[in-house]
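Chemist: Take this structure first; my questions come after.
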Amino acid sequence: MAAKLNLSGSPDSETSSLNEQSVSSSRSVNRSLRVAEKERRKNEAEDPFVAALKYFSDVEAGTPVQGNDEVERNMVMVEKVAYSKGLSPEAVSIMLEFAMSLRMGTVLCARVLKCLIPATVVPQEAVVRAVVWLGVSKIPVTTQILFIKWVLTIFDMIDAKDQLRAIYGFIFSFVTEENLCPFICHLLYLLTRKESVRVFRVRKLLELQSKLGRQPFLLSLLSLYKVFCPELVTLSIPSRVKSGFRNHNMPWKSALIAVQKRAGSQVASSISLAFTTKDKTNSRKRKHCHLELPALSSVVCKAPTEPSSSRKVVPLVQLNSFAQLLENMHRIELPAQMGSLLGSSLALQYLDCVQDESALLRLNFWLGYALHEEFLFCGDGGASQNSEEALHFLNKLLSTQHFLQEGFSSSEAFLYKFLNVWDGSLLRPQILGLLSNIPVVPSSQIGRLLFEPLMQLFFTSSLFFKCGLMECLNSMLLKWLTWHSVYALEDDLDISLNSHTSINMTLSGFKDSVMELVDFVGRLASVGLQLEGCHSLLLSFTLDFYETVCDTFLKYGLPLVVMPPPGIFYPALFATDPVSVDRLAYIMYRYKVNLTSAKNEEKIREQAFHISGQTFREFNHYAVVMVNCLWNSKMFQPGMGIQIGNELLLKSSVPQYWTSFDLIHHPAFMSYAIDFHQKCWPGTKDMDLNSIKHSKPWSWYLEYLFNQGYDGLKQFVQSNISRQLATGEGQDDSLSTQQR
């Protein structure tokens, strides 16, 4: 029985034991929490920075500043932390609220704003409250401007923009303040979306323009409005508007860089490419520490709680494949920093597919500022720009332009200025690559913008620069002709040169620009070949250019044929390497094919199509010279273009000088003639190259040459010479020329 009692009582004893253990453990946990809380409060009480923040958070309005040692001590503490580590989001909120509410007057307001150096991000709510204070407090105009400059500087560090866009109308009301207007327009430019454009806002901006004149900041904002709602903005805005917004990050630039370096954070690097520190030895030198592209990030930093299919907008950073991009094509949210688009293939595909004008405007604004700030406004001549960062940045820009198959208007404007100060060696491949992407320049401006600085560089630089420039101009011409062939309208009246702009040019204007470019290269190459002793490398790049020029009609549909000048034709004809002569023959063959097609087209289209008779005469002259020189052995004869006095020719003691440049005795082909003679007459001790001119050996020799791969020479001979082989010795040939 006792055993039964013991058994029945054991569960109660176990329960009480467990209760005692749980009470004991809860007491120990509570004791630990109390100790931790006490320790935290003790640390906060000992931390002067926390005490300083608490002071500015709790200080009563009207507290005097003069003679107040406590406020000075706390202010110094906040500045020390701000300039060394940066301020946390909570600290930024507290100090911004203190400054803009003017609880201690206007004395400390500017000082506080200058030390607002964020360590990570800036709470949107704090910025919105500060903007609202602009309309409530009696803040001095200079301090208001300083605040807007701060917002523009840390704009990409704000954790969200939806509330700021919600008070777009309130911000817009400040455009009537003449001193604030440039900075407010810049902020509005960053916040504007299609729903922000309203008729009354357009009218207000136009009214301000009539009052202040055509200010760049007003034109920039109006141009963005016109992109979103062209029917509301009837004002004619230039296609190339000078950037109306300056950089306003000077008070915070060096401090932000210092904080970033100490913390190793990449947040501040997304603000601007141009955040650099000044060298103490030369205040105008810039160190290119931030040429890396910003990381692709969303405007909204919070993780989405809903699936992307149910959201109104989808951050581009959340897309991982082209299929996802297609599904959300019309709901894409652009990143906070437009420069990050250059580092994302999906972002470039979005730009190429959607052709979002607002995105291109923002990207051009960012890119234009970066290029000007990092490469133009330097007092050291760009010596520090040969860094890996600058090289990587320009290579990334080049790959972006190649992907989009067009250049950016901001890089074009940058190049026009940079060419005037460029030494021709700094980042040469990258600069020439950007130069080749320049769209068609009107003939009235191309000389001033391009030809004058390039001519100075060409004649004062090395052979390799000359070759690089020839390659660049050839690539430029190819892209111009390709744009024409792709975007030309069926009636040939107007052509759109760029799918992302509204630049239109008449066909005659386009032809004038192309002719100016071809003539410029002809003059440049003619003098360059004389300076470099007809160097074969420079001649090769020049012939590359004219291989493009000779096919402008058939390949690209442009009714224009321009012959090379004598300064290029004769050095190629008398070149010592057979490849140059063969390429010249191919170019002349393609000229004949294009001229024949153009003449037939002219008969069909009558007045709508015309090739100058001078062009036909130039071709016929060159064809006669080549045939008489290479084929008929009639060099230095009257009417050949190159005439030398008989006395001088006799003094040269060259036997049969009129045969010096035929296919047998030409310096480029003599080695082939000797080899052919040895194979035909292996036992002959006395070599007589003239024996090759007999009928059968001549035919064999031509076949021998053509089998060496000289297809251009073969095509020229077959198209321009009608061979009538006689039964006797020699050949009877006739020349086929073009007639008008």
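Each chain in the structure tokens gets a letter, A, B and so on, in the order shown; residues start at 1 in every chain, and ligands are counted from 1 in the order they appear.
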Any idea what's packed within 9 Å of stretch 64-73 of chain A, counting only C-alpha atoms, ignoring anything in its chain fewer than 3 positions away? Could you give it as a list in words?
Modeler: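 Here the qualifying residues turn out to be Ala52, Tyr55, Phe56, Ala61, Val76, Met77, Val78, Met104, Gly105, Val107 and Leu108 of chain A.
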Chemist: Go through stretch 87-161 of chain A and collect every residue that DSSP, computed from the backbone, puts in strand (DSSP E or B); the answer should be as a VMD selection string.
Modeler: chain A and resid 87 103 105 118 122 158
Chemist: Between atom CA of A:Phe408 and atom CA of A:Leu361, what is the distance in Å, rounded to a tenth?
Modeler: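 Taking atom CA of A:Phe408 and atom CA of A:Leu361, their separation equals 9.8 Å.
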Chemist: What is the distance, in Å and to one decimal place, between atom CA of A:Gly424 and atom CA of A:Trp480?
Modeler: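 Separating atom CA of A:Gly424 from atom CA of A:Trp480 is a distance of 23.7 Å.
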Chemist: For stretch 188-202 of chain A, list every protein, DNA or RNA residue within 7 Å, evaluated using only C-alpha atoms, and leave out those in the same chain fewer than 4 positions away; present the list as a ChimeraX atom specification.
Modeler: /A:165,184,206,221,225,228,232-233
Chemist: Determine, counting only C-alpha atoms, which protein, DNA and RNA residues have an atom within 7 Å of an atom of A:Lys85; residues of the same chain fewer than 2 positions away are not included. Present the result as a short mmCIF file (atom, residue, chain, number, x, y, z; two decimals) with C-alpha atoms, in the first residue's frame.
Modeler:
data_model
loop_
_atom_site.label_atom_id
_atom_site.label_comp_id
_atom_site.auth_asym_id
_atom_site.auth_seq_id
_atom_site.Cartn_x
_atom_site.Cartn_y
_atom_site.Cartn_z
CA VAL A 81 32.05 61.68 -35.26
CA ALA A 82 30.56 62.95 -38.53
CA TYR A 83 33.93 63.69 -40.11
CA LEU A 87 26.44 59.74 -39.00
CA ALA A 119 27.65 56.76 -42.99
CA VAL A 259 34.28 58.34 -44.39
#
Chemist: Could you tell me how far atom CA of A:Leu449 lies from atom CA of A:Arg523, in Å and to one decimal?
Modeler: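 Computed distance, atom CA of A:Leu449 to atom CA of A:Arg523, equals 17.3 Å.
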Chemist: With only C-alpha atoms as the atoms that count, which of A:Arg583, A:Met635, A:Gln163, A:Ala390 lies nearest to A:Leu426?
Modeler: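 Distance minimum relative to A:Leu426 lands on A:Ala390.
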Chemist: From the list A:Phe616, A:Tyr622, A:Trp150, A:Trp700, which residue is nearest A:Tyr570 when using only C-alpha atoms?
Modeler: A:Tyr622
